[in-house]
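Trainee: Provided below: coords.pdb, containing PDB, C-alpha atoms.
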```pdb
ATOM      1  CA  LYS A   1       0.000   0.000   0.000
ATOM      2  CA  ALA A   2       1.195   3.490  -0.738
ATOM      3  CA  GLY A   3       1.724   5.658   2.318
ATOM      4  CA  VAL A   4       0.332   9.059   3.134
ATOM      5  CA  THR A   5       1.477  11.692   0.677
ATOM      6  CA  GLN A   6       1.590  15.425   1.233
ATOM      7  CA  THR A   7       2.121  18.165  -1.302
ATOM      8  CA  PRO A   8       3.972  20.359  -1.575
ATOM      9  CA  ARG A   9       6.885  19.289   0.626
ATOM     10  CA  TYR A  10       8.247  22.816   0.984
ATOM     11  CA  LEU A  11       6.559  26.173   0.666
ATOM     12  CA  ILE A  12       7.670  29.769   1.147
ATOM     13  CA  LYS A  13       5.051  32.486   1.525
ATOM     14  CA  THR A  14       4.937  36.062   2.753
ATOM     15  CA  ARG A  15       2.830  37.525   5.513
ATOM     16  CA  GLY A  16      -0.761  38.156   4.536
ATOM     17  CA  GLN A  17      -0.860  35.520   1.827
ATOM     18  CA  GLN A  18      -2.897  32.353   2.001
ATOM     19  CA  VAL A  19      -1.785  28.787   1.457
ATOM     20  CA  THR A  20      -3.399  25.426   0.694
ATOM     21  CA  LEU A  21      -1.787  22.142   1.637
ATOM     22  CA  SER A  22      -2.869  18.777   0.322
ATOM     23  CA  CYS A  23      -2.920  15.307   1.852
ATOM     24  CA  SER A  24      -3.712  11.964   0.233
ATOM     25  CA  PRO A  25      -4.425   9.279   2.844
ATOM     26  CA  ILE A  26      -3.724   5.580   2.640
ATOM     27  CA  SER A  27      -6.237   3.869   0.387
ATOM     28  CA  GLY A  28      -9.307   2.851   2.371
ATOM     29  CA  HIS A  29      -8.651   5.225   5.257
ATOM     30  CA  ARG A  30     -11.533   7.561   5.986
ATOM     31  CA  SER A  31     -10.035   9.715   8.733
ATOM     32  CA  VAL A  32      -7.500  12.481   8.138
ATOM     33  CA  SER A  33      -5.993  14.565  10.920
ATOM     34  CA  TRP A  34      -3.812  17.641  10.605
ATOM     35  CA  TYR A  35      -1.089  18.757  13.001
ATOM     36  CA  GLN A  36       1.208  21.723  13.330
ATOM     37  CA  GLN A  37       4.699  20.955  14.595
ATOM     38  CA  THR A  38       7.114  23.666  15.697
ATOM     39  CA  PRO A  39      10.416  23.256  17.555
ATOM     40  CA  GLY A  40       9.710  22.885  21.237
ATOM     41  CA  GLN A  41       5.920  22.772  20.779
ATOM     42  CA  GLY A  42       5.427  19.149  19.906
ATOM     43  CA  LEU A  43       2.392  18.159  17.876
ATOM     44  CA  GLN A  44      -0.479  20.610  17.981
ATOM     45  CA  PHE A  45      -3.762  19.154  16.743
ATOM     46  CA  LEU A  46      -5.573  21.261  14.158
ATOM     47  CA  PHE A  47      -8.590  19.191  13.106
ATOM     48  CA  GLU A  48      -9.768  15.788  11.992
ATOM     49  CA  TYR A  49     -12.044  14.912   9.105
ATOM     50  CA  PHE A  50     -13.959  11.666   8.816
ATOM     51  CA  SER A  51     -16.141  10.906   5.791
ATOM     52  CA  GLU A  52     -16.048  14.558   4.652
ATOM     53  CA  THR A  53     -17.169  15.896   8.056
ATOM     54  CA  GLN A  54     -15.039  17.650  10.634
ATOM     55  CA  ARG A  55     -15.149  15.329  13.625
ATOM     56  CA  ASN A  56     -12.713  17.018  16.003
ATOM     57  CA  LYS A  57     -11.161  20.446  16.184
ATOM     58  CA  GLY A  58      -8.189  21.850  18.054
ATOM     59  CA  ASN A  59      -7.659  25.333  19.468
ATOM     60  CA  PHE A  60      -6.530  27.209  16.400
ATOM     61  CA  PRO A  61      -7.977  30.475  15.056
ATOM     62  CA  GLY A  62     -10.475  30.519  12.226
ATOM     63  CA  ARG A  63      -7.682  31.355   9.759
ATOM     64  CA  PHE A  64      -6.982  27.633   9.754
ATOM     65  CA  SER A  65      -9.581  25.607   7.894
ATOM     66  CA  GLY A  66      -9.826  22.301   6.155
ATOM     67  CA  ARG A  67     -11.989  20.046   4.094
ATOM     68  CA  GLN A  68     -12.176  16.474   2.938
ATOM     69  CA  PHE A  69     -13.333  15.190  -0.398
ATOM     70  CA  SER A  70     -15.363  12.116  -1.221
ATOM     71  CA  ASN A  71     -12.157  10.185  -2.054
ATOM     72  CA  SER A  72     -10.861  11.021   1.478
ATOM     73  CA  ARG A  73      -8.186  13.383   0.180
ATOM     74  CA  SER A  74      -7.951  16.431   2.411
ATOM     75  CA  GLU A  75      -6.792  19.997   2.127
ATOM     76  CA  MET A  76      -6.019  22.544   4.771
ATOM     77  CA  ASN A  77      -5.978  26.252   4.176
ATOM     78  CA  VAL A  78      -4.356  29.032   6.153
ATOM     79  CA  SER A  79      -5.455  32.554   5.318
ATOM     80  CA  THR A  80      -3.706  35.815   6.179
ATOM     81  CA  LEU A  81      -0.427  34.117   7.022
ATOM     82  CA  GLU A  82       1.561  35.279  10.041
ATOM     83  CA  LEU A  83       5.229  34.751  10.827
ATOM     84  CA  GLY A  84       4.220  32.393  13.638
ATOM     85  CA  ASP A  85       2.562  30.056  11.146
ATOM     86  CA  SER A  86       5.989  28.882  10.010
ATOM     87  CA  ALA A  87       6.019  25.206  10.911
ATOM     88  CA  LEU A  88       5.951  21.641   9.704
ATOM     89  CA  TYR A  89       2.367  20.655   8.908
ATOM     90  CA  LEU A  90       1.729  16.946   9.254
ATOM     91  CA  CYS A  91      -1.177  14.974   7.966
ATOM     92  CA  ALA A  92      -2.112  11.580   9.384
ATOM     93  CA  SER A  93      -4.653   9.066   8.171
ATOM     94  CA  SER A  94      -6.362   6.260  10.013
ATOM     95  CA  ALA A  95      -9.087   3.774   9.332
ATOM     96  CA  GLY A  96     -11.289   5.584  11.824
ATOM     97  CA  LEU A  97     -13.849   2.815  11.857
ATOM     98  CA  ALA A  98     -15.543   1.900  15.110
ATOM     99  CA  GLY A  99     -14.759  -1.615  16.295
ATOM    100  CA  GLY A 100     -11.663  -2.114  14.171
ATOM    101  CA  ARG A 101      -8.360  -3.256  15.647
ATOM    102  CA  SER A 102      -6.322  -0.586  13.927
ATOM    103  CA  LEU A 103      -8.926   2.116  14.163
ATOM    104  CA  ASN A 104      -6.763   4.391  16.231
ATOM    105  CA  GLU A 105      -3.367   3.947  14.567
ATOM    106  CA  GLN A 106      -2.399   7.073  12.699
ATOM    107  CA  PHE A 107      -0.090   6.915   9.708
ATOM    108  CA  PHE A 108       1.772  10.129   9.130
ATOM    109  CA  GLY A 109       2.951  11.706   5.931
ATOM    110  CA  PRO A 110       6.368  13.382   5.640
ATOM    111  CA  GLY A 111       4.875  16.830   6.193
ATOM    112  CA  THR A 112       4.880  20.170   4.428
ATOM    113  CA  ARG A 113       7.478  22.639   5.648
ATOM    114  CA  LEU A 114       5.905  26.111   5.494
ATOM    115  CA  THR A 115       8.072  29.193   5.869
ATOM    116  CA  VAL A 116       6.413  32.580   6.215
ATOM    117  CA  LEU A 117       8.626  35.591   5.495
TER     118      LEU A 117
ATOM    119  CA  GLY T   1      -9.996  18.769  28.918
ATOM    120  CA  GLU T   2      -7.567  15.886  28.653
ATOM    121  CA  ASN T   3      -3.930  16.682  29.256
ATOM    122  CA  VAL T   4      -0.874  14.467  28.756
ATOM    123  CA  GLU T   5       2.425  15.293  30.410
ATOM    124  CA  GLN T   6       5.631  13.651  29.233
ATOM    125  CA  HIS T   7       9.014  13.479  30.955
ATOM    126  CA  PRO T   8      11.863  13.946  30.478
ATOM    127  CA  SER T   9      12.083  16.338  27.551
ATOM    128  CA  THR T  10      15.590  15.099  26.757
ATOM    129  CA  LEU T  11      17.159  11.778  27.711
ATOM    130  CA  SER T  12      20.744  10.803  27.041
ATOM    131  CA  VAL T  13      21.805   7.195  27.656
ATOM    132  CA  GLN T  14      24.855   5.104  26.882
ATOM    133  CA  GLU T  15      24.481   2.615  24.054
ATOM    134  CA  GLY T  16      23.386  -0.712  25.491
ATOM    135  CA  ASP T  17      21.708   0.816  28.540
ATOM    136  CA  SER T  18      17.953   1.079  29.069
ATOM    137  CA  ALA T  19      15.796   4.152  28.546
ATOM    138  CA  VAL T  20      12.501   4.956  30.243
ATOM    139  CA  ILE T  21      10.075   7.701  29.226
ATOM    140  CA  LYS T  22       7.045   8.470  31.370
ATOM    141  CA  CYS T  23       3.652  10.027  30.650
ATOM    142  CA  THR T  24       0.704  10.927  32.828
ATOM    143  CA  TYR T  25      -2.824  11.628  31.645
ATOM    144  CA  SER T  26      -5.700  13.441  33.288
ATOM    145  CA  ASP T  27      -8.881  11.909  31.832
ATOM    146  CA  SER T  28      -9.721   8.590  33.462
ATOM    147  CA  ALA T  29     -11.914   7.751  30.450
ATOM    148  CA  SER T  30      -8.835   7.428  28.213
ATOM    149  CA  ASN T  31      -8.459   3.857  27.028
ATOM    150  CA  TYR T  32      -5.850   3.878  24.282
ATOM    151  CA  PHE T  33      -2.188   4.834  24.728
ATOM    152  CA  PRO T  34       0.160   4.772  21.734
ATOM    153  CA  TRP T  35       3.834   5.651  21.478
ATOM    154  CA  TYR T  36       5.249   7.199  18.326
ATOM    155  CA  LYS T  37       8.829   7.601  17.178
ATOM    156  CA  GLN T  38       9.844  10.508  14.961
ATOM    157  CA  GLU T  39      13.145  10.353  13.167
ATOM    158  CA  LEU T  40      14.737  13.414  11.658
ATOM    159  CA  GLY T  41      12.933  14.619   8.561
ATOM    160  CA  LYS T  42      10.095  12.124   8.882
ATOM    161  CA  GLY T  43       6.598  11.990  10.292
ATOM    162  CA  PRO T  44       5.970  10.119  13.552
ATOM    163  CA  GLN T  45       5.516   6.366  13.325
ATOM    164  CA  LEU T  46       3.656   4.109  15.745
ATOM    165  CA  ILE T  47       6.044   1.786  17.587
ATOM    166  CA  ILE T  48       3.803   0.270  20.245
ATOM    167  CA  ASP T  49       0.411   0.860  21.810
ATOM    168  CA  ILE T  50      -1.588  -0.424  24.763
ATOM    169  CA  ARG T  51      -5.244  -0.461  25.671
ATOM    170  CA  SER T  52      -6.662   0.062  29.129
ATOM    171  CA  ASN T  53      -7.542  -3.596  29.655
ATOM    172  CA  VAL T  54      -3.846  -4.549  29.521
ATOM    173  CA  GLY T  55      -1.121  -3.692  32.040
ATOM    174  CA  GLU T  56       1.964  -4.392  29.961
ATOM    175  CA  LYS T  57       2.895  -5.105  26.375
ATOM    176  CA  LYS T  58       6.238  -6.054  24.867
ATOM    177  CA  ASP T  59       7.662  -6.089  21.378
ATOM    178  CA  GLN T  60      11.275  -7.198  21.232
ATOM    179  CA  ARG T  61      13.345  -4.451  22.916
ATOM    180  CA  ILE T  62      10.463  -2.108  23.635
ATOM    181  CA  ALA T  63       7.723  -2.407  26.221
ATOM    182  CA  VAL T  64       4.936  -0.230  27.527
ATOM    183  CA  THR T  65       3.407  -0.388  30.995
ATOM    184  CA  LEU T  66       0.133   1.150  32.091
ATOM    185  CA  ASN T  67      -1.022   2.014  35.603
ATOM    186  CA  LYS T  68      -4.684   3.026  35.347
ATOM    187  CA  THR T  69      -5.001   3.859  39.014
ATOM    188  CA  ALA T  70      -2.150   6.329  38.921
ATOM    189  CA  LYS T  71      -3.010   7.368  35.340
ATOM    190  CA  HIS T  72       0.444   6.967  33.983
ATOM    191  CA  PHE T  73       2.139   4.883  31.338
ATOM    192  CA  SER T  74       5.768   4.379  30.413
ATOM    193  CA  LEU T  75       7.908   3.348  27.463
ATOM    194  CA  HIS T  76      10.876   1.106  28.170
ATOM    195  CA  ILE T  77      13.637   0.513  25.640
ATOM    196  CA  THR T  78      16.273  -2.058  26.550
ATOM    197  CA  GLU T  79      19.714  -2.589  25.008
ATOM    198  CA  THR T  80      19.549   0.778  23.286
ATOM    199  CA  GLN T  81      21.155   1.151  19.880
ATOM    200  CA  PRO T  82      22.187   4.203  17.819
ATOM    201  CA  GLU T  83      19.080   3.847  15.637
ATOM    202  CA  ASP T  84      16.917   4.413  18.718
ATOM    203  CA  SER T  85      17.979   8.069  18.676
ATOM    204  CA  ALA T  86      14.819  10.018  17.833
ATOM    205  CA  VAL T  87      11.981  12.007  19.370
ATOM    206  CA  TYR T  88       9.368   9.884  21.106
ATOM    207  CA  PHE T  89       5.779  10.999  21.676
ATOM    208  CA  CYS T  90       3.178   9.471  23.934
ATOM    209  CA  ALA T  91      -0.542  10.046  23.413
ATOM    210  CA  ALA T  92      -3.892   9.159  24.954
ATOM    211  CA  SER T  93      -7.381   8.823  23.553
ATOM    212  CA  LYS T  94     -10.897   7.914  24.691
ATOM    213  CA  GLY T  95     -11.646   6.056  21.480
ATOM    214  CA  SER T  96     -11.796   6.264  17.713
ATOM    215  CA  ASN T  97     -14.221   9.176  17.691
ATOM    216  CA  TYR T  98     -11.896  11.264  19.825
ATOM    217  CA  GLN T  99      -8.666  12.969  18.956
ATOM    218  CA  LEU T 100      -5.336  11.773  20.265
ATOM    219  CA  ILE T 101      -3.962  14.019  23.011
ATOM    220  CA  TRP T 102      -0.207  14.204  22.666
ATOM    221  CA  GLY T 103       2.658  14.598  25.086
ATOM    222  CA  ALA T 104       5.312  17.214  24.343
ATOM    223  CA  GLY T 105       7.892  14.672  23.196
ATOM    224  CA  THR T 106      11.190  13.287  24.483
ATOM    225  CA  LYS T 107      14.414  13.604  22.535
ATOM    226  CA  LEU T 108      16.348  10.385  23.106
ATOM    227  CA  ILE T 109      20.080  10.534  22.499
ATOM    228  CA  ILE T 110      22.099   7.322  22.419
ATOM    229  CA  LYS T 111      25.756   7.941  23.218
ATOM    230  CA  PRO T 112      28.265   5.574  21.557
TER     231      PRO T 112
END
```
Starting from the coordinates I provided, produce the structure as structure tokens.

Mentor:
Amino acid sequence: KAGVTQTPRYLIKTRGQQVTLSCSPISGHRSVSWYQQTPGQGLQFLFEYFSETQRNKGNFPGRFSGRQFSNSRSEMNVSTLELGDSALYLCASSAGLAGGRSLNEQFFGPGTRLTVL
Amino acid sequence: GENVEQHPSTLSVQEGDSAVIKCTYSDSASNYFPWYKQELGKGPQLIIDIRSNVGEKKDQRIAVTLNKTAKHFSLHITETQPEDSAVYFCAASKGSNYQLIWGAGTKLIIKP
């Protein structure tokens, strides 16, 4: 099985711009979660989508949004970029099905490194 | 809400020695506790997990123990090797419909 893919891998933007990141989950996985990772801050949960619906949401401002398509691919968007948005953005997919053995295991992509100048 | 604390933030051990990383959680309803390893330039990868109906689980050189009463769980790595150098994250969850709550991470350094 192909793993989780994220595009682009690297991105440079300037303050005030907006950005869209893409994530393709493992085939058959219906849950996609997004995380922001900065040095010293660990993994900060942004949101999770399951079957095109946002199922969980972290404590990020409304500038951060996401969506999931019928093929489970997901995008996240950050509007009005700030310097503090510079980070590694990780996407993780899981089966997300109730009752399954591996329902909780998250498979991470390599991330998108976003730099805001 | 749920909170997971992880200690230490950095751990340096001699190659061949054991390493122990500890996490505590606040929500007694949590029932799933995974450990992830993140190597440089990669996303985290699940290395072992435990559910609340089990007290200990082993997989070769790694083991996880869970104390539900005290609400803490630990990762044990024996006979450490250079390839064990990485950042390790613990997490806790109440189930598949709930998000994973993550610890802050432990940077493990294996000294040759």

Trainee: Can you check which residues of chain T have any atom within 10 Å of chain A? Use all atoms listed in the file and format it as JSON, numbers by chain.

Mentor: {"T": [9, 32, 33, 34, 36, 38, 41, 42, 43, 44, 45, 46, 48, 49, 87, 89, 93, 95, 96, 97, 98, 99, 100, 101, 102, 103, 104, 105, 106]}

Trainee: Just want the 12 Å neighbourhood of segment 18-23 of chain T, counted on all atoms listed in the file, with same-chain residues fewer than 4 positions away dropped. Output as a PyMOL selection string.

Mentor: chain T and resi 3-14+33-36+61-68+70-81+84-85+87-92+101-111

Trainee: Write out the residues from the selection above, keeping C-alpha atoms, as a PDB file, in the frame of the given file.

Mentor:
```
ATOM      1  CA  ASN T   3      -3.930  16.682  29.256  1.00  0.00           C
ATOM      2  CA  VAL T   4      -0.874  14.467  28.756  1.00  0.00           C
ATOM      3  CA  GLU T   5       2.425  15.293  30.410  1.00  0.00           C
ATOM      4  CA  GLN T   6       5.631  13.651  29.233  1.00  0.00           C
ATOM      5  CA  HIS T   7       9.014  13.479  30.955  1.00  0.00           C
ATOM      6  CA  PRO T   8      11.863  13.946  30.478  1.00  0.00           C
ATOM      7  CA  SER T   9      12.083  16.338  27.551  1.00  0.00           C
ATOM      8  CA  THR T  10      15.590  15.099  26.757  1.00  0.00           C
ATOM      9  CA  LEU T  11      17.159  11.778  27.711  1.00  0.00           C
ATOM     10  CA  SER T  12      20.744  10.803  27.041  1.00  0.00           C
ATOM     11  CA  VAL T  13      21.805   7.195  27.656  1.00  0.00           C
ATOM     12  CA  GLN T  14      24.855   5.104  26.882  1.00  0.00           C
ATOM     13  CA  PHE T  33      -2.188   4.834  24.728  1.00  0.00           C
ATOM     14  CA  PRO T  34       0.160   4.772  21.734  1.00  0.00           C
ATOM     15  CA  TRP T  35       3.834   5.651  21.478  1.00  0.00           C
ATOM     16  CA  TYR T  36       5.249   7.199  18.326  1.00  0.00           C
ATOM     17  CA  ARG T  61      13.345  -4.451  22.916  1.00  0.00           C
ATOM     18  CA  ILE T  62      10.463  -2.108  23.635  1.00  0.00           C
ATOM     19  CA  ALA T  63       7.723  -2.407  26.221  1.00  0.00           C
ATOM     20  CA  VAL T  64       4.936  -0.230  27.527  1.00  0.00           C
ATOM     21  CA  THR T  65       3.407  -0.388  30.995  1.00  0.00           C
ATOM     22  CA  LEU T  66       0.133   1.150  32.091  1.00  0.00           C
ATOM     23  CA  ASN T  67      -1.022   2.014  35.603  1.00  0.00           C
ATOM     24  CA  LYS T  68      -4.684   3.026  35.347  1.00  0.00           C
ATOM     25  CA  ALA T  70      -2.150   6.329  38.921  1.00  0.00           C
ATOM     26  CA  LYS T  71      -3.010   7.368  35.340  1.00  0.00           C
ATOM     27  CA  HIS T  72       0.444   6.967  33.983  1.00  0.00           C
ATOM     28  CA  PHE T  73       2.139   4.883  31.338  1.00  0.00           C
ATOM     29  CA  SER T  74       5.768   4.379  30.413  1.00  0.00           C
ATOM     30  CA  LEU T  75       7.908   3.348  27.463  1.00  0.00           C
ATOM     31  CA  HIS T  76      10.876   1.106  28.170  1.00  0.00           C
ATOM     32  CA  ILE T  77      13.637   0.513  25.640  1.00  0.00           C
ATOM     33  CA  THR T  78      16.273  -2.058  26.550  1.00  0.00           C
ATOM     34  CA  GLU T  79      19.714  -2.589  25.008  1.00  0.00           C
ATOM     35  CA  THR T  80      19.549   0.778  23.286  1.00  0.00           C
ATOM     36  CA  GLN T  81      21.155   1.151  19.880  1.00  0.00           C
ATOM     37  CA  ASP T  84      16.917   4.413  18.718  1.00  0.00           C
ATOM     38  CA  SER T  85      17.979   8.069  18.676  1.00  0.00           C
ATOM     39  CA  VAL T  87      11.981  12.007  19.370  1.00  0.00           C
ATOM     40  CA  TYR T  88       9.368   9.884  21.106  1.00  0.00           C
ATOM     41  CA  PHE T  89       5.779  10.999  21.676  1.00  0.00           C
ATOM     42  CA  CYS T  90       3.178   9.471  23.934  1.00  0.00           C
ATOM     43  CA  ALA T  91      -0.542  10.046  23.413  1.00  0.00           C
ATOM     44  CA  ALA T  92      -3.892   9.159  24.954  1.00  0.00           C
ATOM     45  CA  ILE T 101      -3.962  14.019  23.011  1.00  0.00           C
ATOM     46  CA  TRP T 102      -0.207  14.204  22.666  1.00  0.00           C
ATOM     47  CA  GLY T 103       2.658  14.598  25.086  1.00  0.00           C
ATOM     48  CA  ALA T 104       5.312  17.214  24.343  1.00  0.00           C
ATOM     49  CA  GLY T 105       7.892  14.672  23.196  1.00  0.00           C
ATOM     50  CA  THR T 106      11.190  13.287  24.483  1.00  0.00           C
ATOM     51  CA  LYS T 107      14.414  13.604  22.535  1.00  0.00           C
ATOM     52  CA  LEU T 108      16.348  10.385  23.106  1.00  0.00           C
ATOM     53  CA  ILE T 109      20.080  10.534  22.499  1.00  0.00           C
ATOM     54  CA  ILE T 110      22.099   7.322  22.419  1.00  0.00           C
ATOM     55  CA  LYS T 111      25.756   7.941  23.218  1.00  0.00           C
TER      56      LYS T 111
END
```

Trainee: What is the atom CA of Ile26 of chain A-atom CA of Arg67 of chain A distance in Å, reported with one decimal?

Mentor: 16.7 Å

Trainee: Between atom CA of Arg73 of chain A and atom CA of Val32 of chain A, what is the distance, to one decimal in Å?

Mentor: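 If I compute the distance from atom CA of Arg73 of chain A to atom CA of Val32 of chain A, I get 8.0 Å.
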
Trainee: Give as a list in words the residues that the PyMOL selection byres ((chain A and resi 13) around 9) matches when applied to the coordinates above.

Mentor: Leu11, Ile12, Thr14, Arg15, Gly16, Gln17, Gln18, Val19, Leu81, Leu114, Thr115, Val116 and Leu117 of chain A

Trainee: Atom CA of Pro25 of chain A to atom CA of Arg9 of chain A: how many Å, to one decimal?

Mentor: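 These atoms are spaced 15.3 Å apart.
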
Trainee: Given all atoms listed in the file as the basis, pick out the residue of A:Arg30, A:Leu46, A:Gly84, A:Ser93 nearest to Ser70 of chain A.

Mentor: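 Smallest separation from Ser70 of chain A among the options: A:Arg30.
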
Trainee: Any chance you could work out the axis-aligned box around segment 18-35 of chain T, listed atoms only, 3 Å on each side, giving centre and edge lengths in Å to one decimal, as JSON?

Mentor:
```
{"center_x": 3.0, "center_y": 7.3, "center_z": 27.5, "size_x": 35.9, "size_y": 18.4, "size_z": 18.0}
```

Trainee: Looking at A:Ser86, A:Gln36, A:Gln68, A:Thr80, which one is nearest to Ser51 of chain A, with distances taken over only C-alpha atoms?

Mentor: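 Going through A:Ser86, A:Gln36, A:Gln68, A:Thr80 one by one, the smallest distance to Ser51 of chain A is for A:Gln68.
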
Trainee: List every protein, DNA or RNA residue that has at least one atom no more than 9 Å from (-12.0, 26.2, 1.0) in the file's coordinates, counting all atoms listed in the file, and write the result as a list in words.

Mentor: Thr20, Ser65, Gly66, Arg67, Glu75, Met76 and Asn77 of chain A

Trainee: Restricting the calculation to all atoms listed in the file, which member of T:Ala86, T:Ile47, T:Gln60, T:Glu2 is positioned closest to Thr24 of chain T?

Mentor: T:Glu2

Trainee: Please complete segment 108-115 of chain A with all heavy atoms and give it back as a PDB file, in the coordinates of the input.

Mentor:
```
ATOM      1  N   PHE A 108       1.409   8.762   9.467  1.00  0.00           N
ATOM      2  CA  PHE A 108       1.772  10.129   9.130  1.00  0.00           C
ATOM      3  C   PHE A 108       2.450  10.234   7.771  1.00  0.00           C
ATOM      4  O   PHE A 108       3.207   9.348   7.361  1.00  0.00           O
ATOM      5  CB  PHE A 108       2.722  10.698  10.185  1.00  0.00           C
ATOM      6  CG  PHE A 108       2.044  11.100  11.459  1.00  0.00           C
ATOM      7  CD1 PHE A 108       1.760  10.161  12.435  1.00  0.00           C
ATOM      8  CD2 PHE A 108       1.684  12.426  11.683  1.00  0.00           C
ATOM      9  CE1 PHE A 108       1.127  10.523  13.621  1.00  0.00           C
ATOM     10  CE2 PHE A 108       1.065  12.805  12.863  1.00  0.00           C
ATOM     11  CZ  PHE A 108       0.780  11.852  13.829  1.00  0.00           C
ATOM     12  N   GLY A 109       2.210  11.349   7.127  1.00  0.00           N
ATOM     13  CA  GLY A 109       2.951  11.706   5.931  1.00  0.00           C
ATOM     14  C   GLY A 109       4.249  12.393   6.326  1.00  0.00           C
ATOM     15  O   GLY A 109       4.512  12.620   7.508  1.00  0.00           O
ATOM     16  N   PRO A 110       5.077  12.758   5.342  1.00  0.00           N
ATOM     17  CA  PRO A 110       6.368  13.382   5.640  1.00  0.00           C
ATOM     18  C   PRO A 110       6.249  14.853   6.034  1.00  0.00           C
ATOM     19  O   PRO A 110       7.207  15.432   6.543  1.00  0.00           O
ATOM     20  CB  PRO A 110       7.133  13.249   4.322  1.00  0.00           C
ATOM     21  CG  PRO A 110       6.060  13.228   3.292  1.00  0.00           C
ATOM     22  CD  PRO A 110       4.899  12.518   3.913  1.00  0.00           C
ATOM     23  N   GLY A 111       5.081  15.441   5.793  1.00  0.00           N
ATOM     24  CA  GLY A 111       4.875  16.830   6.193  1.00  0.00           C
ATOM     25  C   GLY A 111       5.146  17.841   5.083  1.00  0.00           C
ATOM     26  O   GLY A 111       5.825  17.549   4.096  1.00  0.00           O
ATOM     27  N   THR A 112       4.593  19.011   5.281  1.00  0.00           N
ATOM     28  CA  THR A 112       4.880  20.170   4.428  1.00  0.00           C
ATOM     29  C   THR A 112       5.553  21.215   5.290  1.00  0.00           C
ATOM     30  O   THR A 112       4.998  21.629   6.318  1.00  0.00           O
ATOM     31  CB  THR A 112       3.591  20.760   3.821  1.00  0.00           C
ATOM     32  OG1 THR A 112       3.010  19.824   2.916  1.00  0.00           O
ATOM     33  CG2 THR A 112       3.901  22.060   3.069  1.00  0.00           C
ATOM     34  N   ARG A 113       6.752  21.609   4.893  1.00  0.00           N
ATOM     35  CA  ARG A 113       7.478  22.639   5.648  1.00  0.00           C
ATOM     36  C   ARG A 113       7.082  24.002   5.096  1.00  0.00           C
ATOM     37  O   ARG A 113       7.396  24.343   3.963  1.00  0.00           O
ATOM     38  CB  ARG A 113       8.982  22.427   5.499  1.00  0.00           C
ATOM     39  CG  ARG A 113       9.849  23.531   6.089  1.00  0.00           C
ATOM     40  CD  ARG A 113       9.910  23.471   7.588  1.00  0.00           C
ATOM     41  NE  ARG A 113      10.473  22.230   8.098  1.00  0.00           N
ATOM     42  CZ  ARG A 113      10.535  21.915   9.378  1.00  0.00           C
ATOM     43  NH1 ARG A 113      10.048  22.740  10.283  1.00  0.00           N
ATOM     44  NH2 ARG A 113      11.064  20.781   9.762  1.00  0.00           N
ATOM     45  N   LEU A 114       6.360  24.780   5.901  1.00  0.00           N
ATOM     46  CA  LEU A 114       5.905  26.111   5.494  1.00  0.00           C
ATOM     47  C   LEU A 114       6.765  27.177   6.163  1.00  0.00           C
ATOM     48  O   LEU A 114       6.942  27.166   7.388  1.00  0.00           O
ATOM     49  CB  LEU A 114       4.440  26.325   5.892  1.00  0.00           C
ATOM     50  CG  LEU A 114       3.884  27.737   5.707  1.00  0.00           C
ATOM     51  CD1 LEU A 114       3.857  28.129   4.232  1.00  0.00           C
ATOM     52  CD2 LEU A 114       2.478  27.852   6.316  1.00  0.00           C
ATOM     53  N   THR A 115       7.305  28.054   5.370  1.00  0.00           N
ATOM     54  CA  THR A 115       8.072  29.193   5.869  1.00  0.00           C
ATOM     55  C   THR A 115       7.361  30.467   5.470  1.00  0.00           C
ATOM     56  O   THR A 115       7.054  30.669   4.288  1.00  0.00           O
ATOM     57  CB  THR A 115       9.500  29.204   5.301  1.00  0.00           C
ATOM     58  OG1 THR A 115      10.147  27.977   5.653  1.00  0.00           O
ATOM     59  CG2 THR A 115      10.302  30.370   5.859  1.00  0.00           C
TER      60      THR A 115
END
```
